[in-house]
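So this block is structure09.pdb, PDB, C-alpha atoms and all ligand atoms:
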```pdb
MODEL        1
ATOM      1  CA  MET A  69     221.037  86.049 114.476
ATOM      2  CA  ARG A  70     219.350  84.826 117.630
ATOM      3  CA  SER A  71     220.923  82.140 119.684
ATOM      4  CA  PHE A  72     218.983  79.112 120.718
ATOM      5  CA  LEU A  73     219.966  79.817 124.297
ATOM      6  CA  LEU A  74     218.303  83.207 124.301
ATOM      7  CA  PHE A  75     215.215  81.745 122.696
ATOM      8  CA  ALA A  76     215.061  79.043 125.351
ATOM      9  CA  LEU A  77     215.618  81.621 128.074
ATOM     10  CA  ALA A  78     212.907  83.899 126.736
ATOM     11  CA  LEU A  79     210.486  80.988 126.677
ATOM     12  CA  ALA A  80     211.427  79.910 130.172
ATOM     13  CA  CYS A  81     211.121  83.428 131.443
ATOM     14  CA  VAL A  82     208.226  85.035 129.654
ATOM     15  CA  GLY A  83     206.108  81.996 129.084
ATOM     16  CA  CYS A  84     206.917  79.887 132.063
ATOM     17  CA  GLU A  85     203.310  79.672 133.166
ATOM     18  CA  THR A  86     202.292  78.100 129.868
ATOM     19  CA  VAL A  87     205.382  76.358 128.498
ATOM     20  CA  PRO A  88     205.656  72.854 129.869
ATOM     21  CA  GLY A  89     208.912  71.129 130.642
ATOM     22  CA  THR A  90     211.061  74.158 131.403
ATOM     23  CA  GLY A  91     211.275  73.307 135.078
ATOM     24  CA  ARG A  92     210.814  76.923 135.995
ATOM     25  CA  SER A  93     207.296  77.661 137.079
ATOM     26  CA  GLN A  94     206.233  81.045 138.298
ATOM     27  CA  ILE A  95     203.863  81.709 141.180
ATOM     28  CA  ASN A  96     201.798  84.568 139.934
ATOM     29  CA  PHE A  97     198.352  85.512 141.098
ATOM     30  CA  VAL A  98     198.516  89.243 140.559
ATOM     31  CA  SER A  99     197.855  90.512 137.048
ATOM     32  CA  ASN A 100     200.320  92.594 135.109
ATOM     33  CA  SER A 101     197.810  95.451 134.836
ATOM     34  CA  GLU A 102     197.231  95.395 138.589
ATOM     35  CA  VAL A 103     200.968  95.575 139.268
ATOM     36  CA  ALA A 104     201.338  98.340 136.668
ATOM     37  CA  SER A 105     198.634 100.409 138.306
ATOM     38  CA  MET A 106     200.217 100.010 141.756
ATOM     39  CA  ALA A 107     203.603 100.946 140.275
ATOM     40  CA  ALA A 108     202.154 104.057 138.644
ATOM     41  CA  GLY A 109     200.828 105.211 142.018
ATOM     42  CA  GLU A 110     204.211 104.767 143.677
ATOM     43  CA  PHE A 111     206.053 106.409 140.781
ATOM     44  CA  ALA A 112     203.767 109.455 140.938
ATOM     45  CA  LYS A 113     204.679 109.999 144.605
ATOM     46  CA  MET A 114     208.448 110.006 144.056
ATOM     47  CA  LYS A 115     210.329 113.307 144.207
ATOM     48  CA  LYS A 116     211.730 113.900 140.738
ATOM     49  CA  VAL A 117     214.249 116.347 139.292
ATOM     50  CA  PRO A 118     212.741 117.239 135.893
ATOM     51  CA  THR A 119     215.446 119.837 135.252
ATOM     52  CA  ASP A 120     218.341 117.406 135.706
ATOM     53  CA  PRO A 121     220.349 117.547 132.470
ATOM     54  CA  ARG A 122     221.001 113.788 132.708
ATOM     55  CA  LEU A 123     217.312 112.987 132.289
ATOM     56  CA  ALA A 124     217.712 113.148 128.481
ATOM     57  CA  GLN A 125     220.512 110.567 128.696
ATOM     58  CA  ILE A 126     218.375 108.204 130.815
ATOM     59  CA  ARG A 127     215.481 108.556 128.365
ATOM     60  CA  ARG A 128     217.672 108.029 125.268
ATOM     61  CA  VAL A 129     219.451 104.924 126.623
ATOM     62  CA  GLY A 130     216.216 103.598 128.152
ATOM     63  CA  LEU A 131     214.250 103.896 124.926
ATOM     64  CA  SER A 132     216.946 102.114 122.926
ATOM     65  CA  ILE A 133     216.831  99.214 125.435
ATOM     66  CA  VAL A 134     213.016  99.151 125.383
ATOM     67  CA  ALA A 135     213.030  99.008 121.577
ATOM     68  CA  VAL A 136     215.112  95.801 121.475
ATOM     69  CA  ALA A 137     213.398  94.241 124.513
ATOM     70  CA  ARG A 138     209.961  94.660 122.927
ATOM     71  CA  LYS A 139     211.048  92.355 120.100
ATOM     72  CA  GLU A 140     211.199  89.514 122.667
ATOM     73  CA  ASP A 141     207.907  90.457 124.306
ATOM     74  CA  LYS A 142     205.591  87.720 123.076
ATOM     75  CA  ASN A 143     203.113  88.299 125.936
ATOM     76  CA  GLY A 144     202.706  92.040 125.425
ATOM     77  CA  VAL A 145     204.071  92.956 128.851
ATOM     78  CA  LEU A 146     206.109  95.997 127.783
ATOM     79  CA  PRO A 147     204.169  99.136 126.763
ATOM     80  CA  PRO A 148     205.005 100.850 123.451
ATOM     81  CA  ALA A 149     207.961 103.243 123.559
ATOM     82  CA  ASN A 150     205.826 106.398 123.655
ATOM     83  CA  GLN A 151     204.122 105.267 126.885
ATOM     84  CA  TRP A 152     207.309 104.926 128.936
ATOM     85  CA  GLN A 153     208.083 107.555 131.539
ATOM     86  CA  PHE A 154     211.576 108.381 132.747
ATOM     87  CA  ALA A 155     212.679 110.309 135.814
ATOM     88  CA  VAL A 156     215.777 111.312 137.707
ATOM     89  CA  ILE A 157     214.784 110.729 141.339
ATOM     90  CA  ASP A 158     215.871 113.177 144.044
ATOM     91  CA  ASP A 159     217.425 110.533 146.277
ATOM     92  CA  LYS A 160     221.102 110.308 147.217
ATOM     93  CA  SER A 161     221.113 106.545 147.694
ATOM     94  CA  PRO A 162     222.406 104.635 144.675
ATOM     95  CA  ASN A 163     219.379 102.919 143.184
ATOM     96  CA  ALA A 164     217.583 102.581 139.879
ATOM     97  CA  PHE A 165     214.512 100.681 138.771
ATOM     98  CA  ALA A 166     212.139  99.843 135.970
ATOM     99  CA  MET A 167     208.536  99.229 136.979
ATOM    100  CA  PRO A 168     205.816  97.256 135.251
ATOM    101  CA  GLY A 169     203.732  99.547 133.075
ATOM    102  CA  GLY A 170     206.787 101.426 131.801
ATOM    103  CA  LYS A 171     208.257 103.611 134.548
ATOM    104  CA  ILE A 172     212.017 104.039 134.812
ATOM    105  CA  GLY A 173     213.694 105.887 137.657
ATOM    106  CA  PHE A 174     217.367 106.627 138.201
ATOM    107  CA  ASN A 175     218.396 108.109 141.542
ATOM    108  CA  VAL A 176     220.724 111.100 141.649
ATOM    109  CA  GLY A 177     222.936 108.941 143.886
ATOM    110  CA  MET A 178     223.417 106.308 141.185
ATOM    111  CA  PHE A 179     225.302 108.571 138.773
ATOM    112  CA  PRO A 180     228.624 108.473 140.681
ATOM    113  CA  TYR A 181     228.613 104.713 139.992
ATOM    114  CA  ALA A 182     227.121 104.741 136.509
ATOM    115  CA  SER A 183     227.507 107.819 134.357
ATOM    116  CA  THR A 184     228.348 106.636 130.830
ATOM    117  CA  ASP A 185     225.795 105.401 128.294
ATOM    118  CA  ASP A 186     227.300 101.898 128.556
ATOM    119  CA  ASP A 187     226.961 101.851 132.371
ATOM    120  CA  ILE A 188     223.380 103.109 132.254
ATOM    121  CA  ALA A 189     222.584 100.481 129.605
ATOM    122  CA  VAL A 190     223.889  97.773 131.985
ATOM    123  CA  ILE A 191     221.438  98.842 134.682
ATOM    124  CA  LEU A 192     218.444  99.592 132.464
ATOM    125  CA  GLY A 193     218.965  96.447 130.363
ATOM    126  CA  HIS A 194     218.873  94.389 133.542
ATOM    127  CA  GLU A 195     215.877  96.245 135.007
ATOM    128  CA  VAL A 196     213.804  96.149 131.801
ATOM    129  CA  ALA A 197     214.480  92.389 131.664
ATOM    130  CA  HIS A 198     212.954  92.064 135.159
ATOM    131  CA  VAL A 199     209.811  93.773 133.838
ATOM    132  CA  LEU A 200     209.704  91.610 130.706
ATOM    133  CA  CYS A 201     209.941  88.475 132.860
ATOM    134  CA  GLN A 202     207.227  89.756 135.248
ATOM    135  CA  HIS A 203     209.505  89.169 138.209
ATOM    136  CA  SER A 204     207.656  91.815 140.252
ATOM    137  CA  SER A 205     204.372  89.924 140.016
ATOM    138  CA  GLU A 206     206.149  86.798 141.111
ATOM    139  CA  ARG A 207     207.873  88.493 144.043
ATOM    140  CA  ILE A 208     204.706  90.241 145.162
ATOM    141  CA  SER A 209     202.915  86.908 145.056
ATOM    142  CA  GLN A 210     205.692  85.283 147.078
ATOM    143  CA  GLY A 211     205.776  88.207 149.507
ATOM    144  CA  LEU A 212     202.036  88.113 150.097
ATOM    145  CA  LEU A 213     202.166  84.373 150.650
ATOM    146  CA  VAL A 214     204.957  84.693 153.184
ATOM    147  CA  GLN A 215     203.365  87.584 154.987
ATOM    148  CA  LEU A 216     199.722  86.700 155.016
ATOM    149  CA  GLY A 217     199.280  83.094 154.090
ATOM    150  CA  ALA A 218     197.455  81.879 151.057
ATOM    151  CA  VAL A 219     193.967  82.413 152.443
ATOM    152  CA  ALA A 220     194.362  86.161 152.857
ATOM    153  CA  VAL A 221     196.076  86.721 149.539
ATOM    154  CA  ASP A 222     192.956  87.199 147.471
ATOM    155  CA  GLU A 223     191.676  89.880 149.805
ATOM    156  CA  ALA A 224     195.107  91.499 150.067
ATOM    157  CA  THR A 225     195.517  91.930 146.340
ATOM    158  CA  LYS A 226     192.139  93.672 146.240
ATOM    159  CA  ASN A 227     192.357  96.195 149.044
ATOM    160  CA  LYS A 228     196.110  96.939 149.051
ATOM    161  CA  SER A 229     196.060  97.883 152.731
ATOM    162  CA  ALA A 230     199.058  99.406 154.489
ATOM    163  CA  GLN A 231     199.923  95.952 155.724
ATOM    164  CA  THR A 232     200.200  94.510 152.227
ATOM    165  CA  ARG A 233     201.974  97.541 150.764
ATOM    166  CA  GLN A 234     205.166  96.106 152.210
ATOM    167  CA  ALA A 235     204.917  93.055 149.997
ATOM    168  CA  TRP A 236     204.092  95.130 146.937
ATOM    169  CA  MET A 237     207.026  97.462 147.451
ATOM    170  CA  ALA A 238     209.415  94.602 148.091
ATOM    171  CA  GLY A 239     208.184  93.176 144.807
ATOM    172  CA  PHE A 240     209.485  96.273 143.064
ATOM    173  CA  GLY A 241     212.806  96.054 144.905
ATOM    174  CA  LEU A 242     211.892  99.238 146.759
ATOM    175  CA  GLY A 243     210.976  97.890 150.149
ATOM    176  CA  SER A 244     213.592  99.352 152.476
ATOM    177  CA  GLN A 245     211.371 102.119 153.811
ATOM    178  CA  PHE A 246     208.812  99.461 154.698
ATOM    179  CA  GLY A 247     211.357  97.285 156.451
ATOM    180  CA  LEU A 248     211.253  94.464 153.944
ATOM    181  CA  LEU A 249     214.055  94.057 151.436
ATOM    182  CA  LEU A 250     214.152  90.759 149.644
ATOM    183  CA  PRO A 251     217.071  90.002 147.422
ATOM    184  CA  PHE A 252     215.942  88.998 143.945
ATOM    185  CA  SER A 253     216.322  85.254 143.609
ATOM    186  CA  ARG A 254     219.280  83.778 141.790
ATOM    187  CA  SER A 255     217.066  82.611 138.940
ATOM    188  CA  HIS A 256     215.554  86.088 138.491
ATOM    189  CA  GLU A 257     218.968  87.688 138.564
ATOM    190  CA  SER A 258     220.424  85.225 136.061
ATOM    191  CA  GLU A 259     217.495  85.692 133.672
ATOM    192  CA  SER A 260     217.782  89.466 133.887
ATOM    193  CA  ASP A 261     221.570  89.514 133.623
ATOM    194  CA  HIS A 262     221.505  87.310 130.542
ATOM    195  CA  LEU A 263     218.686  89.129 128.745
ATOM    196  CA  GLY A 264     220.020  92.533 129.826
ATOM    197  CA  LEU A 265     223.447  91.750 128.375
ATOM    198  CA  ILE A 266     221.901  90.703 125.050
ATOM    199  CA  PHE A 267     219.645  93.770 124.972
ATOM    200  CA  MET A 268     222.482  96.223 125.575
ATOM    201  CA  ALA A 269     224.636  94.560 122.905
ATOM    202  CA  ARG A 270     221.808  94.621 120.360
ATOM    203  CA  ALA A 271     221.183  98.282 121.178
ATOM    204  CA  GLY A 272     224.812  99.039 120.316
ATOM    205  CA  TYR A 273     226.333  99.407 123.790
ATOM    206  CA  ASN A 274     229.500  97.678 124.970
ATOM    207  CA  PRO A 275     228.528  94.576 127.000
ATOM    208  CA  GLU A 276     231.979  94.508 128.655
ATOM    209  CA  ALA A 277     230.656  97.344 130.806
ATOM    210  CA  ALA A 278     228.396  94.856 132.633
ATOM    211  CA  PRO A 279     230.934  92.710 134.538
ATOM    212  CA  ALA A 280     233.026  95.860 135.055
ATOM    213  CA  PHE A 281     230.069  97.667 136.642
ATOM    214  CA  TRP A 282     229.228  94.828 139.030
ATOM    215  CA  GLN A 283     232.872  94.350 140.048
ATOM    216  CA  ARG A 284     233.292  98.063 140.675
ATOM    217  CA  PHE A 285     230.084  98.182 142.659
ATOM    218  CA  ALA A 286     230.869  95.133 144.771
ATOM    219  CA  LYS A 287     233.706  97.149 146.295
ATOM    220  CA  ALA A 288     231.483 100.140 147.042
ATOM    221  CA  GLY A 289     229.176  98.318 149.454
ATOM    222  CA  GLY A 290     230.922  98.810 152.775
ATOM    223  CA  THR A 291     229.192  97.723 155.959
ATOM    224  CA  LYS A 292     225.723  98.828 154.911
ATOM    225  CA  PRO A 293     225.261  98.086 151.228
ATOM    226  CA  PRO A 294     222.899 100.464 149.402
ATOM    227  CA  GLU A 295     219.421  99.297 148.456
ATOM    228  CA  PHE A 296     220.262  98.384 144.871
ATOM    229  CA  PHE A 297     222.991  96.055 146.107
ATOM    230  CA  SER A 298     220.927  94.618 148.889
ATOM    231  CA  THR A 299     218.438  93.476 146.277
ATOM    232  CA  HIS A 300     221.121  92.765 143.654
ATOM    233  CA  PRO A 301     224.109  91.106 145.333
ATOM    234  CA  ALA A 302     227.224  91.694 143.237
ATOM    235  CA  ASP A 303     228.859  88.339 143.731
ATOM    236  CA  ASP A 304     231.382  86.210 141.864
ATOM    237  CA  THR A 305     228.690  84.082 140.241
ATOM    238  CA  ARG A 306     227.133  87.120 138.604
ATOM    239  CA  VAL A 307     230.418  88.320 137.154
ATOM    240  CA  ARG A 308     231.443  84.836 136.018
ATOM    241  CA  GLN A 309     228.123  84.256 134.249
ATOM    242  CA  LEU A 310     228.277  87.630 132.516
ATOM    243  CA  GLN A 311     231.747  86.825 131.235
ATOM    244  CA  ALA A 312     230.568  83.419 130.012
ATOM    245  CA  TRP A 313     227.712  85.046 128.032
ATOM    246  CA  MET A 314     230.003  87.731 126.561
ATOM    247  CA  PRO A 315     230.765  86.008 123.203
ATOM    248  CA  GLU A 316     227.054  85.389 122.629
ATOM    249  CA  ALA A 317     226.241  89.037 123.389
ATOM    250  CA  LYS A 318     229.031  90.419 121.206
ATOM    251  CA  ALA A 319     227.902  88.283 118.272
ATOM    252  CA  GLN A 320     224.584  90.142 118.360
ATOM    253  CA  ALA A 321     225.997  93.661 118.283
ATOM    254  CA  PRO A 322     224.859  95.669 115.235
ATOM    255  CA  LYS A 323     227.283  95.432 112.332
ATOM    256  CA  LYS A 324     229.509  98.487 111.957
ATOM    257  CA  PRO A 325     229.194 100.132 108.517
TER
HETATM  258 ZN    ZN B 401     217.951  92.324 139.320
ENDMDL
END
```

Take the structure in the file and give it back as structure tokens.
Amino acid sequence: MRSFLLFALALACVGCETVPGTGRSQINFVSNSEVASMAAGEFAKMKKVPTDPRLAQIRRVGLSIVAVARKEDKNGVLPPANQWQFAVIDDKSPNAFAMPGGKIGFNVGMFPYASTDDDIAVILGHEVAHVLCQHSSERISQGLLVQLGAVAVDEATKNKSAQTRQAWMAGFGLGSQFGLLLPFSRSHESESDHLGLIFMARAGYNPEAAPAFWQRFAKAGGTKPPEFFSTHPADDTRVRQLQAWMPEAKAQAPKKP
């Protein structure tokens, strides 16, 4: 049983370039395939831990999220399950990401904060929703506009010079090493929180883990919040919204035999 709200959200998010009257229009002048190819290049360079025993857990939870998310993918943004790649990244900072084109990375340093299937489903549900909504393309477009001005954008998306790499990486939420970390906008975060909560519930995980994760993590920030929290502020609004969507998410959990 799909709620009208989710349907409306999916329309607003996935089809906002073509659906009139939603009020949410997306700046997007980089193609999904272009972003996917850039993401693949960055993913290939990352130092991975293929022997980490938790890789199987990331893959299992990730694939179950991808399976339900693909049912909402009217624009064909998410690759089929067998094309997704998963990695445990050899990086002690707590961060995790899903990239356009089907790349999911989970840093070694994220496990102390998220180790159960439910916790991992919170993060991957949210991140896969960002990919479904093409938020990276939108952020890259915004970043290039800010950095270079509209005139240079066309050239910048073609040659991907060192100068424009910053904007691309910030688009993936991975910009700290390039000195540019943009928080995801409130609208992106709300879309991804909402869809992510529904996805994890449909995939059979406990959605209550979502507000619990963000509350727990808000306390872990300290003076220099880690990258994931710089781009994903764990604030009261996020937790309040998640709690408000909880009944809707729980109603979509698979029926127990
Ligand atoms: Zn996010």

Fill in: ligand ZN 401 (chain B) neighbours within 12 Å using only C-alpha atoms and all ligand atoms, as a VMD selection string
chain A and resid 163 to 167 190 to 204 207 239 to 242 250 to 264 282 295 to 302 306

Practice prompt. Record the distance separating atom CA of Ala319 of chain A and atom CA of Gly272 of chain A, expressed in Å with one decimal.
Written response: 11.4 Å

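The residue that comes closest to Ala124 of chain A, out of A:Glu316, A:Asp185, A:Glu110, A:Glu206 and on the basis of only C-alpha atoms, is A:Asp185.
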
Discussion item. Using the chain letters and numbers from this file, what does the PyMOL selection byres (((chain A and resi 178-184) around 12) and not hetatm) select? Give the answer as an NGL selection string.
Written reply: :A and (120 or 122-123 or 125-126 or 129 or 156-165 or 173-177 or 185-192 or 273-274 or 277-278 or 280-289 or 294-297)

Response to the item:
Of A:Val103, A:Val117, A:Met268, A:Leu131, the one nearest to Ala155 of chain A when counting only C-alpha atoms is A:Val117

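Atom to atom, atom CA of Gly130 of chain A and atom CA of Pro275 of chain A stand 15.3 Å apart.
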
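Shortest separation to Ala135 of chain A among A:Lys318, A:Arg308, A:Lys324, A:Arg270 occurs at residue A:Arg270, atoms counted being all atoms listed in the file.
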
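Atom CA of Asp141 of chain A lies 19.3 Å from atom CA of Ala321 of chain A.
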
Discussion item. Restricting the calculation to only C-alpha atoms: of A:Leu265, A:Val136, A:Met106, A:Ala271, which residue gets closest to Ala312 of chain A?
Written reply: A:Leu265

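The shortest atom-to-atom distance to Pro148 of chain A, with all atoms listed in the file taken into account, belongs to A:Gly170 out of A:Ala269, A:Gly170, A:Pro118, A:Ile208.
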
Given 6 Å on each side, where is the centre and what are the edge lengths in Å to one decimal of the axis-aligned box enclosing the listed atoms of segment 317-320 of chain A, as JSON?
```
{"center_x": 226.8, "center_y": 89.4, "center_z": 120.8, "size_x": 16.4, "size_y": 14.1, "size_z": 17.1}
```

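Between Ser209 of chain A and the residues A:Ala107, A:Lys323, A:Ser99, A:Pro121, the shortest atom-to-atom distance, using all atoms listed in the file, involves A:Ser99.
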